[in-house]
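S.K.: File data-v8.txt below, compact mmCIF, C-alpha atoms:
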# COMPACT_ATOMS: atom_id res chain seq x y z
CA MET A 1 0.00 0.00 0.00
CA SER A 2 1.20 3.51 -0.73
CA GLY A 3 1.66 6.00 2.10
CA GLY A 4 -1.54 7.97 1.69
CA ALA A 5 -3.80 5.02 0.93
CA PRO A 6 -6.87 4.69 3.13
CA ASP A 7 -6.78 2.02 5.74
CA PRO A 8 -8.02 -1.24 4.21
CA ALA A 9 -10.50 -1.90 7.01
CA ASP A 10 -11.96 1.61 6.75
CA GLY A 11 -15.68 1.66 6.23
CA LEU A 12 -16.32 -2.07 6.70
CA GLU A 13 -17.94 -1.60 10.09
CA LEU A 14 -20.07 1.30 8.86
CA ALA A 15 -21.16 -0.81 5.88
CA ARG A 16 -22.02 -3.72 8.17
CA LEU A 17 -24.19 -1.47 10.30
CA GLU A 18 -25.83 -0.03 7.20
CA VAL A 19 -26.91 -3.43 5.87
CA GLY A 20 -27.90 -4.60 9.34
CA LEU A 21 -25.85 -7.80 9.48
CA SER A 22 -24.68 -9.13 12.84
CA VAL A 23 -20.96 -9.89 13.02
CA GLY A 24 -21.91 -13.56 13.12
CA ASP A 25 -24.01 -13.33 9.97
CA LEU A 26 -21.30 -11.38 8.17
CA TRP A 27 -18.73 -14.00 9.19
CA PHE A 28 -21.01 -16.77 7.91
CA ARG A 29 -21.35 -15.07 4.53
CA TYR A 30 -17.59 -14.52 4.42
CA PHE A 31 -17.02 -18.16 5.36
CA SER A 32 -19.42 -19.28 2.59
CA LEU A 33 -17.27 -17.32 0.13
CA GLY A 34 -14.22 -19.35 1.16
CA GLY A 35 -12.90 -17.13 3.96
CA MET A 36 -10.56 -18.70 6.50
CA SER A 37 -10.63 -16.18 9.39
CA SER A 38 -12.65 -16.88 12.53
CA ALA A 39 -15.65 -14.82 13.58
CA LEU A 40 -13.54 -13.36 16.40
CA GLU A 41 -10.90 -12.22 13.91
CA ILE A 42 -13.62 -10.62 11.77
CA GLU A 43 -14.79 -8.78 14.87
CA GLY A 44 -11.22 -7.57 15.35
CA TYR A 45 -10.94 -6.35 11.75
CA LEU A 46 -14.22 -4.47 12.03
CA ALA A 47 -13.25 -2.83 15.32
CA GLY A 48 -9.90 -1.83 13.85
CA ALA A 49 -8.05 -3.90 16.42
CA LEU A 50 -6.62 -6.32 13.86
CA LEU A 51 -5.40 -5.56 10.36
CA PRO A 52 -6.72 -7.92 7.67
CA SER A 53 -4.70 -8.91 4.60
CA ASN A 54 -5.92 -7.26 1.39
CA GLN A 55 -7.42 -10.57 0.30
CA THR A 56 -9.30 -11.05 3.56
CA ARG A 57 -10.43 -7.46 3.56
CA ASP A 58 -11.75 -7.80 -0.01
CA LEU A 59 -13.57 -11.01 0.81
CA ILE A 60 -15.35 -9.25 3.68
CA ALA A 61 -16.18 -6.46 1.21
CA VAL A 62 -17.65 -9.04 -1.23
CA ALA A 63 -19.80 -10.47 1.58
CA LEU A 64 -21.04 -6.98 2.44
CA ASN A 65 -21.58 -6.04 -1.21
CA GLU A 66 -23.60 -9.17 -1.89
CA ARG A 67 -25.80 -8.12 1.00
CA PHE A 68 -26.05 -4.61 -0.48
CA ALA A 69 -27.00 -6.20 -3.82
CA GLU A 70 -29.81 -8.13 -2.10
CA LEU A 71 -31.05 -4.77 -0.86
CA GLY A 72 -30.87 -3.26 -4.35
CA ALA A 73 -27.60 -1.31 -4.07
CA ASP A 74 -24.64 -1.73 -6.41
CA HIS A 75 -21.48 -2.83 -4.58
CA PRO A 76 -20.77 0.38 -2.63
CA VAL A 77 -17.89 -1.08 -0.60
CA PRO A 78 -14.68 -0.50 -2.58
CA TYR A 79 -12.12 -3.27 -3.07
CA VAL A 80 -8.43 -2.85 -2.20
CA ASP A 81 -7.32 -4.65 -5.32
CA ASP A 82 -9.31 -2.33 -7.60
CA ASP A 83 -6.05 -0.36 -7.82
CA GLN A 84 -3.94 -3.40 -8.58
CA ILE A 85 -5.53 -5.44 -11.34
CA GLY A 86 -7.12 -3.51 -14.15
CA MET B 1 -21.48 14.63 39.99
CA PRO B 2 -18.08 15.16 38.36
CA ILE B 3 -17.85 18.63 36.82
CA PHE B 4 -17.07 18.83 33.15
CA SER B 5 -13.93 20.73 32.28
CA LEU B 6 -12.25 21.49 28.99
CA GLN B 7 -8.73 22.74 28.39
CA VAL B 8 -7.01 23.51 25.11
CA SER B 9 -3.26 23.71 24.76
CA ASP B 10 -1.37 25.57 22.06
CA ASP B 11 -0.19 22.36 20.40
CA GLY B 12 -3.72 21.24 19.58
CA VAL B 13 -4.43 18.97 22.53
CA VAL B 14 -7.94 19.20 23.97
CA VAL B 15 -8.24 17.72 27.46
CA VAL B 16 -11.75 16.92 28.66
CA SER B 17 -12.71 15.51 32.04
CA GLY B 18 -15.87 14.80 34.02
CA ASP B 19 -19.20 14.05 32.37
CA LEU B 20 -19.43 14.83 28.66
CA ASP B 21 -23.13 14.99 27.83
CA ALA B 22 -25.70 17.08 25.95
CA THR B 23 -25.22 20.08 28.25
CA ASN B 24 -21.53 20.50 27.46
CA ALA B 25 -21.10 18.76 24.08
CA PRO B 26 -21.73 22.13 22.30
CA SER B 27 -18.74 23.70 24.06
CA LEU B 28 -16.56 20.84 22.79
CA GLN B 29 -17.96 21.41 19.30
CA ASP B 30 -17.11 25.14 19.56
CA THR B 31 -13.58 24.28 20.65
CA PHE B 32 -13.10 21.97 17.67
CA ASP B 33 -14.58 24.56 15.30
CA ASP B 34 -12.12 27.09 16.65
CA LEU B 35 -9.21 24.67 16.25
CA SER B 36 -10.17 23.81 12.68
CA ASN B 37 -9.66 27.50 11.82
CA ARG B 38 -6.09 27.27 13.06
CA ALA B 39 -3.20 25.49 11.46
CA HIS B 40 -3.18 22.28 13.51
CA GLN B 41 -2.67 19.29 11.25
CA ARG B 42 -3.51 16.91 14.04
CA VAL B 43 -5.76 17.51 16.99
CA VAL B 44 -5.63 15.22 20.00
CA LEU B 45 -8.65 14.74 22.23
CA ASP B 46 -7.51 13.54 25.63
CA VAL B 47 -10.38 11.66 27.26
CA ALA B 48 -8.47 10.03 30.12
CA GLY B 49 -10.40 12.08 32.70
CA LEU B 50 -13.85 11.41 31.25
CA THR B 51 -16.28 9.82 33.67
CA PHE B 52 -19.24 9.76 31.30
CA LEU B 53 -19.72 9.93 27.54
CA ASP B 54 -23.06 9.79 25.78
CA SER B 55 -24.36 9.99 22.23
CA SER B 56 -24.12 13.79 22.10
CA GLY B 57 -20.40 13.57 22.85
CA LEU B 58 -19.97 10.76 20.32
CA ARG B 59 -21.82 12.87 17.76
CA VAL B 60 -19.39 15.77 18.23
CA ILE B 61 -16.44 13.40 17.85
CA ALA B 62 -17.93 11.82 14.70
CA ALA B 63 -18.82 15.19 13.13
CA THR B 64 -15.37 16.61 13.91
CA ARG B 65 -13.68 13.55 12.46
CA ALA B 66 -15.68 14.08 9.25
CA ASP B 67 -14.92 17.85 9.13
CA PHE B 68 -11.22 17.27 9.77
CA GLY B 69 -11.15 14.51 7.16
CA ARG B 70 -12.41 16.95 4.54
CA LEU B 71 -9.67 19.40 5.55
CA GLY B 72 -7.00 16.69 5.39
CA ARG B 73 -6.51 16.81 9.14
CA SER B 74 -6.65 14.06 11.68
CA LEU B 75 -8.30 13.61 15.05
CA ALA B 76 -6.69 11.34 17.61
CA ILE B 77 -8.16 10.05 20.84
CA ARG B 78 -5.78 9.76 23.78
CA GLY B 79 -6.16 7.92 27.06
CA ALA B 80 -9.46 6.21 26.27
CA SER B 81 -10.53 3.86 29.04
CA THR B 82 -11.92 0.44 28.12
CA PRO B 83 -15.56 1.60 28.47
CA THR B 84 -14.80 4.67 26.31
CA ARG B 85 -13.10 2.52 23.69
CA ARG B 86 -16.05 0.20 23.72
CA LEU B 87 -18.43 3.10 23.14
CA LEU B 88 -16.27 4.37 20.28
CA ALA B 89 -16.20 0.87 18.81
CA MET B 90 -19.96 0.45 19.11
CA ALA B 91 -20.43 3.81 17.40
CA GLY B 92 -18.26 2.50 14.55
CA LEU B 93 -15.71 5.26 15.16
CA VAL B 94 -12.64 3.18 15.99
CA PRO B 95 -11.68 2.54 12.36
CA LEU B 96 -11.94 6.28 11.67
CA LEU B 97 -9.97 7.64 14.59
CA GLU B 98 -6.37 7.50 15.58
CA ILE B 99 -6.22 5.99 19.03
CA ASP B 100 -3.26 7.66 20.64
CA ASP B 101 -1.76 6.13 23.74
CA PRO B 102 0.93 8.22 25.46
CA ASP B 103 2.50 5.02 26.81
CA ASP B 104 3.38 3.98 23.30
CA ASP B 105 6.68 4.85 21.69
CA PRO B 106 6.23 8.44 20.47
CA LEU B 107 8.54 7.76 17.51
CA HIS B 108 6.30 4.94 16.33
CA PRO B 109 2.77 5.98 17.15
CA PRO B 110 0.27 3.26 16.39
CA ALA B 111 -1.65 4.02 13.23
CA ARG B 112 -4.60 2.16 14.64
CA SER B 113 -6.03 1.27 17.98
CA SER B 114 -4.26 -1.40 19.95
CA ILE B 115 -5.65 -4.89 20.46
CA ASP B 116 -7.19 -3.60 23.71
CA THR B 117 -10.36 -2.68 21.89
CA LEU B 118 -11.17 -6.28 21.18
CA ALA B 119 -9.66 -7.73 24.31
CA GLY B 120 -11.41 -5.08 26.38
CA THR B 121 -14.77 -6.05 24.96
CA SER B 122 -14.31 -9.77 25.48
CA GLU B 123 -12.77 -9.14 28.85
CA SER B 124 -15.76 -7.20 30.07
CA ILE B 125 -18.10 -10.00 28.95
CA ASP B 126 -15.92 -12.58 30.69
CA LEU B 127 -15.83 -10.45 33.80
CA ALA B 128 -19.60 -9.99 33.82
CA LEU B 129 -20.10 -13.76 33.42
CA GLU B 130 -17.53 -14.37 36.18
CA HIS B 131 -19.67 -12.19 38.45
CA VAL B 132 -22.80 -14.13 37.52
CA VAL B 133 -21.27 -17.52 38.35
CA GLN B 134 -19.74 -16.22 41.60
CA LEU B 135 -23.06 -14.66 42.63
CA ALA B 136 -24.96 -17.81 41.72
CA ALA B 137 -22.50 -19.93 43.73
CA VAL B 138 -23.14 -17.74 46.77
CA ALA B 139 -26.90 -17.35 46.26
CA VAL B 140 -27.55 -21.06 45.83
CA ALA B 141 -26.43 -22.32 49.24
CA SER B 142 -26.28 -25.96 48.16
CA ALA B 143 -24.04 -25.18 45.17
CA HIS B 144 -20.57 -26.63 45.10
CA GLY B 145 -19.74 -24.76 41.92
CA VAL B 146 -21.33 -22.93 39.00
CA SER B 147 -20.40 -22.57 35.34
CA VAL B 148 -21.72 -21.00 32.17
CA SER B 149 -21.16 -22.95 28.96
CA LEU B 150 -21.85 -21.72 25.47
CA GLU B 151 -22.24 -23.07 22.03
CA ARG B 152 -19.93 -21.32 19.59
CA HIS B 153 -19.56 -22.45 16.00
CA GLY B 154 -21.10 -25.81 16.80
CA ARG B 155 -18.85 -26.52 19.78
CA MET B 156 -19.50 -26.15 23.47
CA MET B 157 -17.08 -24.19 25.61
CA THR B 158 -17.02 -22.97 29.21
CA ALA B 159 -17.19 -19.18 29.34
CA ALA B 160 -16.99 -18.83 33.12
CA SER B 161 -16.70 -21.18 36.07
CA SER B 162 -16.45 -20.67 39.81
CA ASP B 163 -13.62 -23.19 40.20
CA ALA B 164 -11.46 -25.70 38.36
CA ALA B 165 -13.46 -28.77 39.39
CA VAL B 166 -16.56 -27.31 37.76
CA MET B 167 -14.58 -26.56 34.63
CA ARG B 168 -13.58 -30.26 34.52
CA MET B 169 -17.24 -31.29 34.91
CA ASP B 170 -18.12 -29.23 31.85
CA GLN B 171 -15.21 -30.59 29.86
CA ASP B 172 -16.11 -34.17 30.74
CA GLN B 173 -19.51 -33.50 29.20
CA TYR B 174 -18.04 -32.02 26.02
CA ALA B 175 -15.64 -34.97 25.76
CA THR B 176 -18.27 -37.65 26.24
CA GLY B 177 -20.79 -35.70 24.16
CA GLU B 178 -23.47 -36.07 26.83
CA GLY B 179 -24.65 -34.66 30.14
CA PRO B 180 -27.24 -32.26 31.54
CA CYS B 181 -25.32 -29.18 30.36
CA LEU B 182 -25.36 -30.35 26.75
CA SER B 183 -28.99 -31.47 26.99
CA ALA B 184 -30.10 -28.12 28.43
CA ALA B 185 -28.18 -26.19 25.77
CA ALA B 186 -29.51 -28.39 22.97
CA GLU B 187 -33.14 -28.69 24.03
CA GLY B 188 -33.71 -25.37 25.80
CA GLN B 189 -35.12 -27.17 28.85
CA THR B 190 -33.94 -27.33 32.45
CA PHE B 191 -32.29 -30.64 33.36
CA SER B 192 -32.19 -31.47 37.04
CA VAL B 193 -30.39 -34.53 38.35
CA GLY B 194 -31.24 -35.30 41.98
CA ALA B 195 -29.04 -38.34 42.44
CA LEU B 196 -26.32 -38.87 39.88
CA SER B 197 -25.67 -42.42 41.13
CA GLU B 198 -29.16 -43.40 39.98
CA GLU B 199 -28.91 -41.53 36.69
CA ALA B 200 -29.36 -43.58 33.52
CA ARG B 201 -29.51 -40.85 30.85
CA TRP B 202 -25.79 -40.17 30.55
CA PRO B 203 -23.92 -43.46 31.16
CA SER B 204 -20.51 -42.16 30.00
CA PHE B 205 -20.54 -38.85 31.83
CA ALA B 206 -22.20 -39.84 35.15
CA PRO B 207 -19.33 -42.03 36.47
CA LEU B 208 -16.81 -39.24 35.76
CA ALA B 209 -18.88 -36.76 37.79
CA LEU B 210 -19.37 -39.25 40.63
CA GLU B 211 -15.62 -39.72 40.70
CA GLU B 212 -15.25 -35.96 41.28
CA GLY B 213 -17.66 -36.26 44.21
CA ILE B 214 -20.58 -34.59 42.42
CA ALA B 215 -23.99 -35.94 43.48
CA SER B 216 -26.52 -33.60 41.86
CA ILE B 217 -26.60 -31.19 38.93
CA LEU B 218 -28.97 -28.46 37.79
CA SER B 219 -28.51 -27.23 34.20
CA THR B 220 -30.63 -24.28 33.06
CA PRO B 221 -30.60 -23.18 29.41
CA LEU B 222 -29.48 -19.69 28.37
CA MET B 223 -32.03 -18.46 25.89
CA ASN B 224 -31.77 -15.91 23.11
CA GLY B 225 -35.48 -15.46 22.44
CA ASP B 226 -36.69 -19.02 21.94
CA ARG B 227 -33.29 -20.34 20.92
CA PRO B 228 -30.90 -21.92 23.45
CA ILE B 229 -27.30 -20.62 23.24
CA GLY B 230 -25.77 -22.35 26.25
CA ALA B 231 -26.44 -23.40 29.83
CA LEU B 232 -25.84 -22.32 33.41
CA ASN B 233 -24.75 -25.36 35.40
CA ILE B 234 -24.86 -25.75 39.17
CA TYR B 235 -23.07 -28.72 40.70
CA SER B 236 -23.46 -30.02 44.25
CA THR B 237 -21.74 -32.66 46.33
CA SER B 238 -25.07 -33.44 48.09
CA THR B 239 -27.88 -35.46 46.56
CA HIS B 240 -31.19 -33.72 45.87
CA ALA B 241 -29.57 -30.34 46.41
CA PHE B 242 -31.91 -28.48 44.07
CA GLY B 243 -35.64 -27.87 44.47
CA PRO B 244 -38.03 -25.28 43.03
CA PRO B 245 -36.40 -22.29 44.88
CA GLU B 246 -32.98 -23.19 43.43
CA GLU B 247 -34.50 -23.65 39.99
CA THR B 248 -36.04 -20.17 40.18
CA LEU B 249 -32.70 -18.67 41.22
CA ALA B 250 -30.93 -20.57 38.46
CA GLN B 251 -33.37 -19.21 35.88
CA LEU B 252 -32.73 -15.70 37.13
CA PHE B 253 -28.95 -16.09 36.78
CA ALA B 254 -29.30 -17.89 33.45
CA SER B 255 -31.38 -15.08 31.99
CA HIS B 256 -28.84 -12.55 33.27
CA ALA B 257 -25.96 -14.49 31.69
CA ALA B 258 -27.90 -14.81 28.43
CA ARG B 259 -28.52 -11.05 28.36
CA ILE B 260 -24.80 -10.35 28.84
CA LEU B 261 -23.93 -12.73 26.01
CA VAL B 262 -26.58 -11.59 23.56
CA ASP B 263 -25.70 -7.92 24.18
CA GLY B 264 -22.08 -8.86 23.65
CA GLY B 265 -22.90 -10.26 20.22
CA PHE B 266 -22.63 -13.95 21.14
CA GLY B 267 -25.10 -16.48 19.85
CA SER B 268 -25.54 -14.71 16.54
CA VAL B 269 -23.48 -17.34 14.71
CA GLY B 270 -25.32 -20.32 16.14
CA ILE B 271 -28.49 -19.16 14.40
CA HIS B 272 -27.49 -21.08 11.29
CA SER B 273 -29.21 -24.40 10.81
CA ASP B 274 -27.46 -27.57 9.72
CA GLN B 275 -28.88 -26.94 6.26
CA ASP B 276 -27.32 -23.44 6.18
CA VAL B 277 -23.98 -24.92 7.14
CA GLN B 278 -24.27 -27.62 4.46
CA ASP B 279 -25.06 -24.92 1.89
CA ALA B 280 -22.13 -22.82 3.05
CA LEU B 281 -19.74 -25.76 2.75
CA PHE B 282 -21.10 -26.54 -0.70
CA ARG B 283 -20.60 -22.93 -1.83
CA ARG B 284 -17.06 -22.90 -0.47
CA LYS B 285 -16.28 -26.08 -2.37
CA VAL B 286 -17.72 -24.85 -5.66
CA ILE B 287 -15.96 -21.49 -5.32
CA ALA B 288 -12.67 -23.30 -4.71
CA GLN B 289 -13.32 -25.46 -7.79
CA ALA B 290 -14.04 -22.40 -9.92
CA GLN B 291 -10.81 -20.79 -8.69
CA GLY B 292 -8.97 -23.96 -9.65
CA VAL B 293 -10.46 -23.86 -13.14
CA LEU B 294 -9.40 -20.23 -13.59
CA MET B 295 -5.91 -20.84 -12.23
CA GLU B 296 -5.36 -23.67 -14.66
CA ARG B 297 -7.01 -22.05 -17.65
CA LEU B 298 -5.50 -18.58 -17.26
CA SER B 299 -2.25 -19.58 -15.51
CA VAL B 300 -2.90 -17.17 -12.67
CA THR B 301 -2.29 -17.32 -8.92
CA GLN B 302 -5.04 -18.18 -6.49
CA ALA B 303 -5.33 -14.54 -5.41
CA GLU B 304 -5.73 -13.45 -9.04
CA ALA B 305 -8.26 -16.20 -9.71
CA THR B 306 -10.24 -15.06 -6.66
CA SER B 307 -10.20 -11.48 -7.88
CA ILE B 308 -11.26 -12.49 -11.42
CA LEU B 309 -14.07 -14.60 -10.04
CA HIS B 310 -15.34 -11.71 -7.90
CA ARG B 311 -15.22 -9.28 -10.83
CA SER B 312 -16.89 -11.73 -13.20
CA ALA B 313 -19.71 -12.34 -10.76
CA ARG B 314 -20.22 -8.65 -10.23
CA TYR B 315 -20.15 -7.99 -13.97
CA SER B 316 -22.76 -10.70 -14.49
CA GLU B 317 -24.79 -9.28 -11.58
CA VAL B 318 -24.93 -12.59 -9.77
CA THR B 319 -23.42 -13.76 -6.49
CA VAL B 320 -19.93 -15.24 -6.49
CA ALA B 321 -21.40 -18.62 -5.51
CA ALA B 322 -23.97 -18.53 -8.34
CA TYR B 323 -21.27 -17.61 -10.86
CA ALA B 324 -18.97 -20.37 -9.58
CA ILE B 325 -21.75 -22.97 -9.77
CA GLU B 326 -22.52 -21.94 -13.35
CA MET B 327 -18.85 -22.05 -14.26
CA VAL B 328 -18.19 -25.46 -12.75
CA ARG B 329 -21.34 -26.82 -14.37
CA SER B 330 -20.32 -25.52 -17.79
CA VAL B 331 -16.84 -27.01 -17.40
CA ASP B 332 -18.47 -30.34 -16.63
CA THR B 333 -20.43 -30.13 -19.89
CA HIS B 334 -17.43 -28.72 -21.86
CA ASP B 335 -19.31 -25.54 -22.61
CA ASP B 336 -17.03 -22.92 -21.12
CA PRO B 337 -18.18 -19.35 -20.66
CA GLU B 338 -15.44 -16.76 -21.01
CA PRO B 339 -14.74 -15.06 -17.72
CA SER B 340 -15.35 -11.36 -18.18
Would you mind writing the file's structure down as structure tokens?

M.R.:
Amino acid sequence: MSGGAPDPADGLELARLEVGLSVGDLWFRYFSLGGMSSALEIEGYLAGALLPSNQTRDLIAVALNERFAELGADHPVPYVDDDQIG
Amino acid sequence: MPIFSLQVSDDGVVVVSGDLDATNAPSLQDTFDDLSNRAHQRVVLDVAGLTFLDSSGLRVIAATRADFGRLGRSLAIRGASTPTRRLLAMAGLVPLLEIDDPDDDPLHPPARSSIDTLAGTSESIDLALEHVVQLAAVAVASAHGVSVSLERHGRMMTAASSDAAVMRMDQDQYATGEGPCLSAAAEGQTFSVGALSEEARWPSFAPLALEEGIASILSTPLMNGDRPIGALNIYSTSTHAFGPPEETLAQLFASHAARILVDGGFGSVGIHSDQDVQDALFRRKVIAQAQGVLMERLSVTQAEATSILHRSARYSEVTVAAYAIEMVRSVDTHDDPEPS
């Protein structure tokens, strides 16, 4: 990540609250997508106490965005690797 | 009542102490507004002396963070106690704020909050449960020991126990896969065993408990609505130690423990049925297969395959799982769609 890049976990917790998923439900969706972190680790990422890898962070973003899509919104949570692969 | 006070130093440090509530939140807002007109790149809010913080205070902090963000400035919180950190975390502010701890190396200030945020939260739940089991052990005169066990991710664990012997009792039940604690947590019913030596329901567990000198057990389910999430277990070395008064007390403590856990966010994972879990495992498998197909076909790494899969699904306006299922199915029938 470059120096001025936003923190990768930024906004995940706000997005979770916006779509009204419990941490447990978000973890379950993340797990269904192939995620390997525990629910407790997800809680840590959301609270900003742990720093997720870009891949983990993006998988949480996918889980949130799929929930946004169910609610009729178009993937508002940005992905870290949007800047990396064109 | 502690008096609210506010001090601003020339280097952009705002020290607040006492109760920060709706009556004095505006003065904090004014202070921040004033500071944002000056040249401070970074403003520190020292909250070490705060004795109370409510939503009006949180609102000022959130609004200031947003204002400062637009101006390219940062707002750091210093000296936050565990309850304050917890409030900031619950308000979703922790990821947005710099949590500044003066004990940390000033040359390497942490960019983010320390692990305390998470540990603090869990710790306070553990502590609250510890109090419940200790209180229950005192309140129920015939109790030899009390524990609270929980189901997390399909496994039982002891969240609090009044002593080590009780912890062993719980673990014997997890190991043998039977016992009143497991039955109460699974069925959402109270299980009372008056004389363990005459007990026929749990043939593997009962001898282990008798060996420890336990003669009777009362297991009361912890309920989240109508769903059991664990059990409060009271063990006694006397037979027939528990009657209706003890059962009433146990229910009281069990409902208290359940409230602590549900408020703490526990039990939300266990809501998934076996079918949900089967579906989740199936989706994981298919997604992994689809990644494998992409890795082989496009000679890319797993991370790249994952990224391509996510983009393709989004482009096709379907879920990742739905896209992966379609892809694996088409590979099986040799009718490959091009990933977008």

S.K.: Between atom CA of A:Glu18 and atom CA of A:Leu64, what distance in Å does the model show, to one decimal?

M.R.: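 The value is 9.7 Å.
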
S.K.: Quick check, in Å to one decimal: how far apart do atom CA of B:Ser197 and atom CA of B:Met223 lie?

M.R.: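 Pair atom CA of B:Ser197 / atom CA of B:Met223 returns 29.1 Å.
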
S.K.: For chain A against chain B, with a cut-off of 10 Å and counting all atoms listed in the file, what is the closest atom pair and its distance in Å to one decimal for every residue that makes the cut, ordered by chain and number, as a tab-separated table?

M.R.:
residue	atom	partner	partner_atom	distance
A:Asp7	CA	B:Pro95	CA	8.3
A:Pro8	CA	B:Pro95	CA	9.7
A:Ala9	CA	B:Pro95	CA	7.1
A:Asp10	CA	B:Pro95	CA	5.7
A:Gly11	CA	B:Pro95	CA	7.4
A:Leu12	CA	B:Pro95	CA	8.6
A:Glu13	CA	B:Gly92	CA	6.1
A:Leu14	CA	B:Gly92	CA	6.1
A:Ala15	CA	B:Gly92	CA	9.7
A:Arg16	CA	B:Gly92	CA	9.7
A:Leu17	CA	B:Gly92	CA	8.3
A:Leu21	CA	B:Ser268	CA	9.9
A:Ser22	CA	B:Ser268	CA	6.8
A:Val23	CA	B:Gly265	CA	7.5
A:Gly24	CA	B:Val269	CA	4.4
A:Asp25	CA	B:Val269	CA	6.2
A:Leu26	CA	B:Val269	CA	9.1
A:Trp27	CA	B:Val269	CA	8.0
A:Phe28	CA	B:Val269	CA	7.3
A:Arg29	CA	B:Ala280	CA	7.9
A:Tyr30	CA	B:Ala280	CA	9.6
A:Phe31	CA	B:Ala280	CA	7.3
A:Ser32	CA	B:Ala280	CA	4.5
A:Leu33	CA	B:Arg284	CA	5.6
A:Gly34	CA	B:Arg284	CA	4.8
A:Gly35	CA	B:Arg284	CA	8.4
A:Ser38	CA	B:His153	CA	9.5
A:Ala39	CA	B:Val269	CA	8.3
A:Leu40	CA	B:Leu118	CA	8.9
A:Glu41	CA	B:Leu118	CA	9.4
A:Glu43	CA	B:Leu118	CA	7.7
A:Gly44	CA	B:Leu118	CA	6.0
A:Tyr45	CA	B:Pro95	CA	8.9
A:Leu46	CA	B:Pro95	CA	7.5
A:Ala47	CA	B:Ala89	CA	5.9
A:Gly48	CA	B:Pro95	CA	4.9
A:Ala49	CA	B:Ile115	CA	4.8
A:Leu50	CA	B:Ile115	CA	6.8
A:Leu51	CA	B:Arg112	CA	8.9
A:Asn54	CA	B:Ala303	CA	10.0
A:Gln55	CA	B:Ala303	CA	7.3
A:Asp58	CA	B:Ser307	CA	8.8
A:Leu59	CA	B:His310	CA	8.9
A:Val62	CA	B:His310	CA	7.5
A:Ala63	CA	B:Val320	CA	9.4
A:Asn65	CA	B:Arg314	CA	9.5
A:Glu66	CA	B:Thr319	CA	6.5
A:Arg67	CA	B:Thr319	CA	9.7
A:Ala69	CA	B:Glu317	CA	8.6
A:Glu70	CA	B:Thr319	CA	9.6
A:Asp74	CA	B:Arg314	CA	9.1
A:His75	CA	B:Arg314	CA	8.2
A:Tyr79	CA	B:Ser307	CA	9.7
A:Asp81	CA	B:Ser307	CA	7.8
A:Asp82	CA	B:Ser307	CA	9.2
A:Ile85	CA	B:Glu304	CA	8.3

S.K.: Using only C-alpha atoms, what residues lie at most 12 Å away from (-13.0, 15.3, 33.0) (file coordinates), given as a VMD selection string?

M.R.: chain B and resid 1 to 7 14 to 21 24 45 to 53 79 to 80

S.K.: Tell me which protein, DNA and RNA residues are within 6 Å of stretch 69-76 of chain B, counting only C-alpha atoms, leaving out same-chain ones fewer than 2 positions away, and put them as an mmCIF file with C-alpha atoms, in the coordinates of the input.

M.R.:
data_model
loop_
_atom_site.group_PDB
_atom_site.id
_atom_site.type_symbol
_atom_site.label_atom_id
_atom_site.label_comp_id
_atom_site.auth_asym_id
_atom_site.auth_seq_id
_atom_site.Cartn_x
_atom_site.Cartn_y
_atom_site.Cartn_z
ATOM 1 C CA GLN B 41 -2.670 19.290 11.250
ATOM 2 C CA ARG B 42 -3.510 16.910 14.040
ATOM 3 C CA VAL B 43 -5.760 17.510 16.990
ATOM 4 C CA VAL B 44 -5.630 15.220 20.000
ATOM 5 C CA ARG B 65 -13.680 13.550 12.460
ATOM 6 C CA ALA B 66 -15.680 14.080 9.250
ATOM 7 C CA ASP B 67 -14.920 17.850 9.130
ATOM 8 C CA LEU B 97 -9.970 7.640 14.590
ATOM 9 C CA GLU B 98 -6.370 7.500 15.580
ATOM 10 C CA ILE B 99 -6.220 5.990 19.030
ATOM 11 C CA ASP B 100 -3.260 7.660 20.640
#

S.K.: Could you tell me how far atom CA of B:Phe205 lies from atom CA of B:Leu127, in Å and to one decimal?

M.R.: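 Result for atom CA of B:Phe205 versus atom CA of B:Leu127: 28.9 Å, one decimal.
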
S.K.: Stretch 249-259 of chain B: which residues within 10 Å, counting all atoms listed in the file, same-chain residues fewer than 3 positions away excluded, as an MDAnalysis selection string?

M.R.: chainID B and resid 125 128:133 135:137 139:140 146 148 150 190 218:225 228:234 242 244:246 262:267

S.K.: So that all listed atoms of stretch 6-12 of chain B fit with 3 Å spare on each side, what axis-aligned box centre and edge lengths in Å, to one decimal, would you give as lines of an AutoDock Vina configuration file?

M.R.:
center_x = -6.2
center_y = 23.4
center_z = 24.3
size_x = 18.1
size_y = 10.3
size_z = 15.4

S.K.: Using only C-alpha atoms, can you tell me which of B:Gln171, B:Ser36, B:Ser147, B:Ser142 comes closest to B:Ala215?

M.R.: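 Looking at the shortest contact to B:Ala215, the residue is B:Ser142.
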